[in-house]
Amino acid sequence: MRPIVEFAAVTRAYGARVALDDVHFELLPGELTFLVGPSGAGKTTLLKLINREIRPSSGRLWVAGMPAHQIKASRVAELRRRVGVVFQDYKLLPRLTARENVAFGLQVGDLRVSDEEARDRSLDALEAVGLGDRGDAYPHQLSGGQQQRVAVARAVVGQPQLLIADEPTGNLDQETAWQMMDLFEDIAAWGTAVLVATHNVEIVTRLQRRVLTLVQGRLVRDQPAGRTGRMAWLASS
Amino acid sequence: MAGVLVKGRFPRRRLIQAVATNLVRHLFGGAARSWARNIGSTAPALGSMTLLLLMSGLVGLAGFALHNLEQVESGQASLLHVYLRDDAKPPDVASLWRHLLSDARVAGVTYVNKDQALERAQRIPGLPQLADATESNPFPASLDVQVKKIDDVAAIDALVRYDVAVDPVYPTSYDKGAYQRIQAVLFGTAVAGFALLGLLGFVAVTVTMNSIKAAIHARRDEITIMQLVGAPRWMVRGPFVVEGAITGAVAGVVAGLVTFGLTFAGIAAASGAFTRFAPGVTVTVAAAAAAVVLLVGLGLGSGSSLISLRRHMET
């Protein structure tokens with residue numbers, strides 16, 4: 001199976017400070033992977049590299065078949081249409097309803113999508129995240145968990161090959177966080193690679209999925225699914 | 001295996017319709033909404049650009065009139081009146097005429113007798129009283145020499161000044177510094193006009209750039225989302241360019257209407273005097289100037305936005 005994401009000796013420095021150092025790993029379709037590490041370990045930098053918000057200082061990085069380390073600025077939008085992104089602060093447009101937010105993501109990414117198609121697909125996506133009846137609600141009328149679900153619907157409505165999420169449960173209570181993880185598992189089950197950066201230890205340990213651990217910019221552990229218990233680091237050494 | 005949404009092939013007409021609808025909505029609709037929402041921060045740009053365009057329109061029309069005036073003056077300055085002695089013998093006059101006609105620098109020579117000179121003087125403002133003050137005709141006969149190039153007028157003057165047929169006291173109409181003085185005044189006026197327009201242009205572009213910068217700041221969340229969902233660069237930047245163009249167009253329409261209105265009022269109120277002081281400036285020319293002002297406004301607004309986007313929007 002061809003990897004969706006491939007990091008090969010990727011290093012990213014901000015001036016003299018090295019945020020990511022010689023990182024190697026691959027993500028396969030349908031794989032739900034957690035990215036963990038202390039604050040400042042390089043998690044956000046790694047996600048930004050995947051979405052081509054920044055370029056690597058050295059190394060090669062392939063995302064959904066595109067060389068993110070060398071593509072021109074004019075092709076960045078094409079790469080981003082293959083990657084769905086979910087943020088801790090949701091980033092919904094307050095003047096648009098839930099359905100319009102999802103459709104907005106679809107139509108600005110692809111002008112060929114008609115209003116009817118955008119409406120149908122955005123309602124399908126909202127239905128899939130359990131918000132089929134809240135399409136006409138504005139973000140301020142929704143709870144944090146519901147807003148995050150809308151953000152997930154917007155991220156997946158374009159059927160990306162990869163979904164990345166930066167602290168998606170950071171603003172949610174534990175119960176809602178678990179619902180969000182169920183959603184990510186469902187998305188991965190349909191073949192989309194999902195990479196979730198999180199500090200939520202309970203979720204990571206209980207879900208028993210693959211875990212990438214970053215410390216001071218280095219990928220210090222890559223624990224396979226089902227081997228993420230307290231002694232799991234033994235398996236990755 | 002990823003879930004696949006199976007879509008039927010869209011008829012081409014519906015595809016074009018969908019693309020056009022989305023383009024209008026995101027490019028023009030978004031820009032118009034944002035422009036209306038940010039009218040407060042756009043007002044200074046709108047005001048300075050309107051002032052600039054109005055000044056440009058009026059200075060442009062004044063420049064056009066001055067250019068035409070210069071052409072008239074140039075034509076008059078290259079017409080040399082060679083005044084003949086009252087007692088000049090016809091063979092001497094004919095000889096001088098032939099001599100002038102054979103000169104390659106001369107375009108034509110016309111003989112004006114004393115009666116024609118008097119008649120002409122009576123048409124010149126201020127001279128009828130002088131012409132009527134005496135019973136005798138004080139105006140001499142002349143040879144009116146049309147010189148091809150204005151720079152050769154001095155040489156032709158030197159050629160005829162001491163001819164036996166020419167009046168020794170007041171030989172020609174040549175005034176050495178007159179044309180140069182007119183040119184100096186026109187040049188000075190043009191430089192001052194361009195300097196003023198340059199200053200106003202700088203102010204208008206700077207203020208417009210700042211208003212676009214404010215618009216970018218106000219819509220930064222929307223911009224971020226558009227960029228992250230894979231909107232092409234032109235689609236993220238396009239609404240801001242359109243927003244700048246709207247500012248320029250509104251300023252252009254106002255300035256164009258005022259330019260046209262003022263010129264039209266001037267023509268209607270004092271057509272004779274207006275034609276003399278601003279030759280060539282007609283209603284058609286005023287309408288053309290208004291159209292140019294509008295186009296310049298569009299260009300200036302969208303250009304300022306582009307510069308601002310290059311400086312302030314991250315990719």
# chains A, B, ... in the order shown; residues from 1 in each chain; ligands from 1

call {"tool": "interface_residues", "arguments": {"of": "chain A", "to": "chain B", "cutoff": "9 Å", "atoms": "only C-alpha atoms", "output": "JSON list (two decimals) with N, CA and C atoms, in the first residue's frame"}}
result
[["chain", "number", "residue", "atom", "x", "y", "z"],
["A", 29, "PRO", "N", -2.95, 4.75, 4.24],
["A", 29, "PRO", "CA", -4.39, 5.01, 4.17],
["A", 29, "PRO", "C", -5.14, 4.22, 5.25],
["A", 30, "GLY", "N", -6.13, 4.85, 5.87],
["A", 30, "GLY", "CA", -6.94, 4.16, 6.87],
["A", 30, "GLY", "C", -6.31, 4.09, 8.24],
["A", 51, "ASN", "N", 0.73, 20.34, 5.69],
["A", 51, "ASN", "CA", -0.23, 21.18, 4.98],
["A", 51, "ASN", "C", 0.47, 22.26, 4.15],
["A", 53, "GLU", "N", 2.18, 24.77, 5.03],
["A", 53, "GLU", "CA", 2.16, 26.15, 5.50],
["A", 53, "GLU", "C", 3.60, 26.63, 5.62],
["A", 73, "ALA", "N", 4.53, 27.56, -5.17],
["A", 73, "ALA", "CA", 3.44, 28.21, -4.44],
["A", 73, "ALA", "C", 2.11, 28.05, -5.18],
["A", 74, "SER", "N", 2.18, 28.03, -6.51],
["A", 74, "SER", "CA", 0.95, 27.95, -7.31],
["A", 74, "SER", "C", 0.26, 26.59, -7.17],
["A", 75, "ARG", "N", 0.98, 25.56, -6.65],
["A", 75, "ARG", "CA", 0.37, 24.23, -6.52],
["A", 75, "ARG", "C", 0.01, 23.88, -5.08],
["A", 76, "VAL", "N", 0.24, 24.82, -4.16],
["A", 76, "VAL", "CA", -0.03, 24.56, -2.75],
["A", 76, "VAL", "C", -1.53, 24.29, -2.53],
["A", 77, "ALA", "N", -2.37, 25.08, -3.23],
["A", 77, "ALA", "CA", -3.82, 24.90, -3.07],
["A", 77, "ALA", "C", -4.23, 23.49, -3.46],
["A", 78, "GLU", "N", -3.63, 22.96, -4.51],
["A", 78, "GLU", "CA", -3.95, 21.59, -4.97],
["A", 78, "GLU", "C", -3.60, 20.57, -3.88],
["A", 79, "LEU", "N", -2.44, 20.80, -3.24],
["A", 79, "LEU", "CA", -2.04, 19.88, -2.15],
["A", 79, "LEU", "C", -3.04, 19.98, -0.99],
["A", 80, "ARG", "N", -3.42, 21.21, -0.67],
["A", 80, "ARG", "CA", -4.30, 21.40, 0.49],
["A", 80, "ARG", "C", -5.69, 20.82, 0.26],
["A", 81, "ARG", "N", -6.09, 20.71, -0.99],
["A", 81, "ARG", "CA", -7.40, 20.11, -1.25],
["A", 81, "ARG", "C", -7.37, 18.60, -0.98],
["A", 82, "ARG", "N", -6.17, 18.05, -0.87],
["A", 82, "ARG", "CA", -6.04, 16.62, -0.56],
["A", 82, "ARG", "C", -5.88, 16.37, 0.94],
["A", 83, "VAL", "N", -5.81, 17.46, 1.70],
["A", 83, "VAL", "CA", -5.61, 17.35, 3.14],
["A", 83, "VAL", "C", -6.72, 18.12, 3.87],
["A", 84, "GLY", "N", -7.44, 17.45, 4.78],
["A", 84, "GLY", "CA", -8.42, 18.13, 5.61],
["A", 84, "GLY", "C", -7.75, 18.56, 6.91],
["A", 85, "VAL", "N", -8.12, 19.73, 7.43],
["A", 85, "VAL", "CA", -7.47, 20.23, 8.65],
["A", 85, "VAL", "C", -8.53, 20.59, 9.70],
["A", 91, "LYS", "N", -12.13, 27.40, 13.96],
["A", 91, "LYS", "CA", -11.99, 28.29, 12.80],
["A", 91, "LYS", "C", -13.21, 28.22, 11.87],
["A", 92, "LEU", "N", -14.39, 28.43, 12.46],
["A", 92, "LEU", "CA", -15.61, 28.53, 11.65],
["A", 92, "LEU", "C", -15.89, 30.01, 11.39],
["A", 93, "LEU", "N", -16.53, 30.30, 10.27],
["A", 93, "LEU", "CA", -16.89, 31.69, 9.98],
["A", 93, "LEU", "C", -18.21, 32.01, 10.70],
["A", 104, "PHE", "N", -18.88, 26.24, 2.15],
["A", 104, "PHE", "CA", -17.85, 27.23, 1.82],
["A", 104, "PHE", "C", -16.51, 26.53, 1.56],
["A", 105, "GLY", "N", -16.18, 25.60, 2.47],
["A", 105, "GLY", "CA", -14.94, 24.86, 2.31],
["A", 105, "GLY", "C", -14.92, 24.07, 1.01],
["A", 106, "LEU", "N", -16.08, 23.60, 0.62],
["A", 106, "LEU", "CA", -16.18, 22.78, -0.59],
["A", 106, "LEU", "C", -16.09, 23.65, -1.85],
["A", 107, "GLN", "N", -16.81, 24.78, -1.85],
["A", 107, "GLN", "CA", -16.92, 25.57, -3.07],
["A", 107, "GLN", "C", -15.72, 26.47, -3.34],
["A", 108, "VAL", "N", -15.07, 26.98, -2.29],
["A", 108, "VAL", "CA", -13.88, 27.79, -2.59],
["A", 108, "VAL", "C", -12.72, 26.89, -3.01],
["A", 109, "GLY", "N", -12.80, 25.62, -2.62],
["A", 109, "GLY", "CA", -11.76, 24.68, -3.06],
["A", 109, "GLY", "C", -11.99, 24.18, -4.46],
["A", 110, "ASP", "N", -13.23, 24.19, -4.91],
["A", 110, "ASP", "CA", -13.55, 23.70, -6.25],
["A", 110, "ASP", "C", -14.75, 24.49, -6.80],
["A", 111, "LEU", "N", -14.46, 25.39, -7.72],
["A", 111, "LEU", "CA", -15.52, 26.27, -8.25],
["A", 111, "LEU", "C", -16.57, 25.52, -9.05],
["A", 112, "ARG", "N", -16.26, 24.28, -9.45],
["A", 112, "ARG", "CA", -17.21, 23.55, -10.29],
["A", 112, "ARG", "C", -18.37, 22.98, -9.49],
["A", 113, "VAL", "N", -18.27, 23.04, -8.17],
["A", 113, "VAL", "CA", -19.33, 22.48, -7.33],
["A", 113, "VAL", "C", -20.52, 23.45, -7.31],
["A", 114, "SER", "N", -21.65, 22.98, -7.81],
["A", 114, "SER", "CA", -22.84, 23.84, -7.87],
["A", 114, "SER", "C", -23.46, 23.98, -6.47],
["A", 115, "ASP", "N", -24.38, 24.94, -6.34],
["A", 115, "ASP", "CA", -25.04, 25.16, -5.05],
["A", 115, "ASP", "C", -25.79, 23.92, -4.58],
["A", 154, "ARG", "N", -16.43, 19.97, 7.63],
["A", 154, "ARG", "CA", -15.83, 20.82, 6.59],
["A", 154, "ARG", "C", -14.51, 20.21, 6.10],
["A", 155, "ALA", "N", -13.76, 19.62, 7.03],
["A", 155, "ALA", "CA", -12.47, 19.05, 6.65],
["A", 155, "ALA", "C", -12.61, 17.82, 5.76],
["A", 158, "GLY", "N", -14.65, 17.40, 1.33],
["A", 158, "GLY", "CA", -13.97, 17.33, 0.03],
["A", 158, "GLY", "C", -13.30, 15.98, -0.21],
["A", 159, "GLN", "N", -13.58, 15.01, 0.64],
["A", 159, "GLN", "CA", -13.02, 13.66, 0.56],
["A", 159, "GLN", "C", -11.48, 13.67, 0.46],
["A", 161, "GLN", "N", -7.52, 12.72, 1.24],
["A", 161, "GLN", "CA", -6.85, 11.45, 1.50],
["A", 161, "GLN", "C", -6.28, 11.42, 2.92],
["A", 187, "ILE", "N", -13.82, 7.87, 10.40],
["A", 187, "ILE", "CA", -13.22, 8.47, 9.18],
["A", 187, "ILE", "C", -12.06, 7.59, 8.71],
["A", 188, "ALA", "N", -11.24, 7.14, 9.65],
["A", 188, "ALA", "CA", -10.12, 6.28, 9.29],
["A", 188, "ALA", "C", -10.61, 4.95, 8.71],
["A", 189, "ALA", "N", -11.73, 4.45, 9.27],
["A", 189, "ALA", "CA", -12.28, 3.17, 8.80],
["A", 189, "ALA", "C", -12.68, 3.25, 7.32],
["A", 190, "TRP", "N", -12.99, 4.46, 6.85],
["A", 190, "TRP", "CA", -13.35, 4.63, 5.44],
["A", 190, "TRP", "C", -12.13, 4.85, 4.54],
["A", 191, "GLY", "N", -10.93, 4.72, 5.10],
["A", 191, "GLY", "CA", -9.73, 4.74, 4.27],
["A", 191, "GLY", "C", -8.92, 6.02, 4.32],
["A", 192, "THR", "N", -9.39, 7.00, 5.05],
["A", 192, "THR", "CA", -8.64, 8.26, 5.15],
["A", 192, "THR", "C", -7.59, 8.13, 6.25]]

call {"tool": "select_by_dssp", "arguments": {"residues": "segment 137-290 of chain B", "states": "alpha helix (DSSP H)", "output": "ChimeraX atom specification"}}
result
/B:153-160,178-218,220-228,233-269,271-277,283-290

call {"tool": "closest_residue", "arguments": {"among": "B:Tyr83, B:Trp97, B:Phe240, B:Phe274", "to": "Tyr170 of chain B", "atoms": "only C-alpha atoms"}}
result
B:Tyr83

call {"tool": "residues_around", "arguments": {"residues": "segment 131-144 of chain A", "least_positions_apart": "6", "cutoff": "12 Å", "atoms": "only C-alpha atoms", "output": "MDAnalysis selection string"}}
result
chainID A and resid 88:103 119:125 150:153 168:173 176:177 180

call {"tool": "write_last_selection", "arguments": {"atoms": "C-alpha atoms", "output": "compact mmCIF listing (two decimals), in the first residue's frame"}}
result
# COMPACT_ATOMS: atom_id res chain seq x y z
CA GLN A 88 -8.39 23.40 18.38
CA ASP A 89 -10.30 26.70 17.94
CA TYR A 90 -12.53 25.30 15.14
CA LYS A 91 -11.99 28.29 12.80
CA LEU A 92 -15.61 28.53 11.65
CA LEU A 93 -16.89 31.69 9.98
CA PRO A 94 -19.37 33.25 12.43
CA ARG A 95 -21.57 34.87 9.76
CA LEU A 96 -22.26 31.52 8.04
CA THR A 97 -24.49 28.69 9.23
CA ALA A 98 -23.06 25.24 9.93
CA ARG A 99 -24.13 24.03 6.47
CA GLU A 100 -22.75 27.16 4.79
CA ASN A 101 -19.43 26.75 6.59
CA VAL A 102 -19.12 23.23 5.25
CA ALA A 103 -20.26 24.26 1.75
CA ARG A 119 -25.91 21.72 -0.21
CA ASP A 120 -26.39 17.95 -0.60
CA ARG A 121 -22.78 17.10 0.19
CA SER A 122 -22.54 19.46 3.16
CA LEU A 123 -25.78 18.03 4.62
CA ASP A 124 -24.39 14.51 4.10
CA ALA A 125 -21.18 15.50 5.90
CA VAL A 150 -18.84 21.11 11.98
CA ALA A 151 -15.10 21.74 11.54
CA VAL A 152 -14.58 18.01 10.98
CA ALA A 153 -17.45 17.93 8.47
CA PRO A 168 -8.96 18.87 18.38
CA THR A 169 -10.12 17.97 21.91
CA GLY A 170 -8.24 20.76 23.66
CA ASN A 171 -11.39 22.83 24.25
CA LEU A 172 -13.78 19.92 24.83
CA ASP A 173 -14.89 18.01 27.93
CA THR A 176 -17.26 15.14 23.97
CA ALA A 177 -13.61 14.36 23.35
CA MET A 180 -14.74 13.22 18.61

call {"tool": "residues_around", "arguments": {"residues": "Ala218 of chain B", "least_positions_apart": "2", "cutoff": "12 Å", "atoms": "only C-alpha atoms", "output": "PyMOL selection string"}}
result
chain B and resi 34-35+37-38+41+211-216+220-224+240

call {"tool": "residues_around", "arguments": {"residues": "Glu243 of chain B", "least_positions_apart": "3", "cutoff": "10 Å", "atoms": "only C-alpha atoms", "output": "ChimeraX atom specification"}}
result
/B:27-36,42,211-212,215,238-240,246-249,301-302,305

call {"tool": "write_last_selection", "arguments": {"atoms": "N, CA and C atoms", "output": "short mmCIF file (atom, residue, chain, number, x, y, z; two decimals), in the first residue's frame"}}
result
data_model
loop_
_atom_site.label_atom_id
_atom_site.label_comp_id
_atom_site.auth_asym_id
_atom_site.auth_seq_id
_atom_site.Cartn_x
_atom_site.Cartn_y
_atom_site.Cartn_z
N LEU B 27 -15.89 36.22 -5.60
CA LEU B 27 -15.04 37.34 -6.00
C LEU B 27 -15.75 38.67 -5.81
N PHE B 28 -16.91 38.82 -6.50
CA PHE B 28 -17.56 40.12 -6.53
C PHE B 28 -18.52 40.32 -5.35
N GLY B 29 -19.31 39.29 -5.04
CA GLY B 29 -20.24 39.40 -3.92
C GLY B 29 -19.50 39.62 -2.61
N GLY B 30 -18.47 38.79 -2.40
CA GLY B 30 -17.68 38.91 -1.16
C GLY B 30 -17.02 40.28 -1.08
N ALA B 31 -16.48 40.74 -2.21
CA ALA B 31 -15.80 42.04 -2.23
C ALA B 31 -16.78 43.17 -1.94
N ALA B 32 -17.96 43.09 -2.56
CA ALA B 32 -18.96 44.17 -2.37
C ALA B 32 -19.44 44.21 -0.92
N ARG B 33 -19.68 43.01 -0.34
CA ARG B 33 -20.13 42.95 1.06
C ARG B 33 -19.05 43.53 1.99
N SER B 34 -17.81 43.10 1.73
CA SER B 34 -16.72 43.56 2.58
C SER B 34 -16.52 45.07 2.43
N TRP B 35 -16.65 45.56 1.19
CA TRP B 35 -16.49 47.01 0.95
C TRP B 35 -17.54 47.79 1.72
N ALA B 36 -18.78 47.31 1.65
CA ALA B 36 -19.87 48.02 2.35
C ALA B 36 -19.66 47.94 3.87
N THR B 42 -12.65 52.65 4.67
CA THR B 42 -12.38 52.94 3.25
C THR B 42 -12.58 54.42 2.93
N SER B 211 -6.14 51.02 3.61
CA SER B 211 -7.52 50.53 3.79
C SER B 211 -7.62 49.05 3.42
N ILE B 212 -6.87 48.63 2.41
CA ILE B 212 -6.85 47.21 2.04
C ILE B 212 -6.17 46.39 3.14
N ALA B 215 -8.66 45.85 5.66
CA ALA B 215 -9.63 44.84 5.22
C ALA B 215 -9.05 43.44 5.36
N GLY B 238 -8.28 37.76 -5.01
CA GLY B 238 -9.19 38.44 -5.95
C GLY B 238 -10.18 39.40 -5.29
N PRO B 239 -10.90 38.97 -4.22
CA PRO B 239 -11.88 39.89 -3.63
C PRO B 239 -11.27 41.21 -3.16
N PHE B 240 -10.01 41.17 -2.71
CA PHE B 240 -9.38 42.41 -2.24
C PHE B 240 -9.05 43.33 -3.42
N ILE B 246 -13.47 48.65 -6.59
CA ILE B 246 -14.75 49.30 -6.26
C ILE B 246 -14.48 50.70 -5.70
N THR B 247 -13.50 50.80 -4.79
CA THR B 247 -13.14 52.11 -4.24
C THR B 247 -12.74 53.05 -5.39
N GLY B 248 -11.88 52.54 -6.28
CA GLY B 248 -11.43 53.36 -7.40
C GLY B 248 -12.57 53.74 -8.33
N ALA B 249 -13.49 52.79 -8.56
CA ALA B 249 -14.61 53.05 -9.48
C ALA B 249 -15.56 54.10 -8.90
N GLY B 301 -7.23 51.91 -7.99
CA GLY B 301 -7.78 51.16 -6.85
C GLY B 301 -7.28 49.73 -6.85
N SER B 302 -7.40 49.05 -8.00
CA SER B 302 -6.98 47.64 -8.02
C SER B 302 -5.47 47.53 -7.92
N SER B 305 -4.43 47.89 -4.35
CA SER B 305 -4.76 46.66 -3.62
C SER B 305 -3.71 45.58 -3.87
#

call {"tool": "select_by_dssp", "arguments": {"residues": "segment 135-203 of chain A", "states": "strand (DSSP E or B)", "output": "PyMOL selection string"}}
result
chain A and resi 162-166+193-197

call {"tool": "atom_distance", "arguments": {"atom1": "atom CA of Leu212 of chain A", "atom2": "atom CA of Leu47 of chain A"}}
result
12.6 Å

call {"tool": "residues_around", "arguments": {"residues": "Ala286 of chain B", "least_positions_apart": "6", "cutoff": "8 Å", "atoms": "only C-alpha atoms", "output": "ChimeraX atom specification"}}
result
/B:61,259-260,263-264

call {"tool": "write_last_selection", "arguments": {"atoms": "N, CA and C atoms", "output": "short mmCIF file (atom, residue, chain, number, x, y, z; two decimals), in the first residue's frame"}}
result
data_model
loop_
_atom_site.label_atom_id
_atom_site.label_comp_id
_atom_site.auth_asym_id
_atom_site.auth_seq_id
_atom_site.Cartn_x
_atom_site.Cartn_y
_atom_site.Cartn_z
N LEU B 61 -7.77 68.35 -18.43
CA LEU B 61 -8.49 69.23 -19.37
C LEU B 61 -7.74 70.54 -19.55
N THR B 259 -16.09 66.49 -12.90
CA THR B 259 -15.28 67.04 -13.98
C THR B 259 -16.17 67.41 -15.17
N PHE B 260 -17.04 66.46 -15.54
CA PHE B 260 -17.93 66.71 -16.68
C PHE B 260 -18.87 67.87 -16.36
N THR B 263 -17.10 71.31 -16.40
CA THR B 263 -16.75 71.71 -17.77
C THR B 263 -17.99 72.10 -18.56
N PHE B 264 -19.03 71.28 -18.39
CA PHE B 264 -20.28 71.55 -19.11
C PHE B 264 -20.85 72.91 -18.67
#

call {"tool": "atom_distance", "arguments": {"atom1": "atom CA of Asp222 of chain A", "atom2": "atom CA of Thr198 of chain A"}}
result
15.1 Å

call {"tool": "residues_around", "arguments": {"residues": "Val169 of chain B", "least_positions_apart": "2", "cutoff": "12 Å", "atoms": "only C-alpha atoms", "output": "NGL selection string"}}
result
:B and (82-86 or 140 or 161-162 or 166-167 or 171-173)

call {"tool": "write_last_selection", "arguments": {"atoms": "N, CA and C atoms", "output": "PDB file, in the first residue's frame"}}
result
ATOM      1  N   VAL B  82       5.895  91.159 -42.449  1.00  0.00           N
ATOM      2  CA  VAL B  82       6.995  92.035 -42.932  1.00  0.00           C
ATOM      3  C   VAL B  82       6.343  93.335 -43.397  1.00  0.00           C
ATOM      4  N   TYR B  83       6.533  94.425 -42.631  1.00  0.00           N
ATOM      5  CA  TYR B  83       5.843  95.689 -42.927  1.00  0.00           C
ATOM      6  C   TYR B  83       6.585  96.442 -44.038  1.00  0.00           C
ATOM      7  N   LEU B  84       5.810  96.909 -44.997  1.00  0.00           N
ATOM      8  CA  LEU B  84       6.406  97.562 -46.175  1.00  0.00           C
ATOM      9  C   LEU B  84       6.361  99.073 -46.007  1.00  0.00           C
ATOM     10  N   ARG B  85       7.357  99.714 -46.604  1.00  0.00           N
ATOM     11  CA  ARG B  85       7.356 101.198 -46.594  1.00  0.00           C
ATOM     12  C   ARG B  85       6.141 101.685 -47.371  1.00  0.00           C
ATOM     13  N   ASP B  86       5.606 102.807 -46.956  1.00  0.00           N
ATOM     14  CA  ASP B  86       4.470 103.366 -47.693  1.00  0.00           C
ATOM     15  C   ASP B  86       4.866 103.732 -49.123  1.00  0.00           C
ATOM     16  N   PRO B 140       0.480  99.812 -42.052  1.00  0.00           N
ATOM     17  CA  PRO B 140       1.210  99.637 -43.317  1.00  0.00           C
ATOM     18  C   PRO B 140       0.771  98.370 -44.048  1.00  0.00           C
ATOM     19  N   ARG B 161      14.913  92.222 -42.965  1.00  0.00           N
ATOM     20  CA  ARG B 161      14.886  93.443 -42.141  1.00  0.00           C
ATOM     21  C   ARG B 161      15.460  94.685 -42.869  1.00  0.00           C
ATOM     22  N   TYR B 162      16.521  94.497 -43.678  1.00  0.00           N
ATOM     23  CA  TYR B 162      17.194  95.662 -44.313  1.00  0.00           C
ATOM     24  C   TYR B 162      16.896  95.761 -45.806  1.00  0.00           C
ATOM     25  N   VAL B 166      11.268  97.320 -47.236  1.00  0.00           N
ATOM     26  CA  VAL B 166      10.774  97.143 -45.864  1.00  0.00           C
ATOM     27  C   VAL B 166      10.903  98.436 -45.055  1.00  0.00           C
ATOM     28  N   ASP B 167       9.884  98.666 -44.204  1.00  0.00           N
ATOM     29  CA  ASP B 167       9.862  99.853 -43.345  1.00  0.00           C
ATOM     30  C   ASP B 167      11.095  99.828 -42.428  1.00  0.00           C
ATOM     31  N   PRO B 171      10.328  97.185 -38.985  1.00  0.00           N
ATOM     32  CA  PRO B 171      10.417  96.297 -40.158  1.00  0.00           C
ATOM     33  C   PRO B 171       9.531  95.032 -40.106  1.00  0.00           C
ATOM     34  N   THR B 172       9.464  94.369 -38.946  1.00  0.00           N
ATOM     35  CA  THR B 172       8.680  93.105 -38.884  1.00  0.00           C
ATOM     36  C   THR B 172       7.974  92.997 -37.525  1.00  0.00           C
ATOM     37  N   SER B 173       7.128  91.955 -37.426  1.00  0.00           N
ATOM     38  CA  SER B 173       6.410  91.694 -36.160  1.00  0.00           C
ATOM     39  C   SER B 173       7.215  90.787 -35.220  1.00  0.00           C
TER      40      SER B 173
END

call {"tool": "closest_residue", "arguments": {"among": "B:Ala265, B:Val254, B:Ala107, B:Ala273", "to": "Leu80 of chain B", "atoms": "only C-alpha atoms"}}
result
B:Ala107

call {"tool": "closest_residue", "arguments": {"among": "B:Ala77, B:Val24, B:Val207, B:Ala62", "to": "Gln183 of chain B", "atoms": "only C-alpha atoms"}}
result
B:Ala77

call {"tool": "atom_distance", "arguments": {"atom1": "atom CA of Val185 of chain B", "atom2": "atom CA of Leu197 of chain B"}}
result
18.3 Å
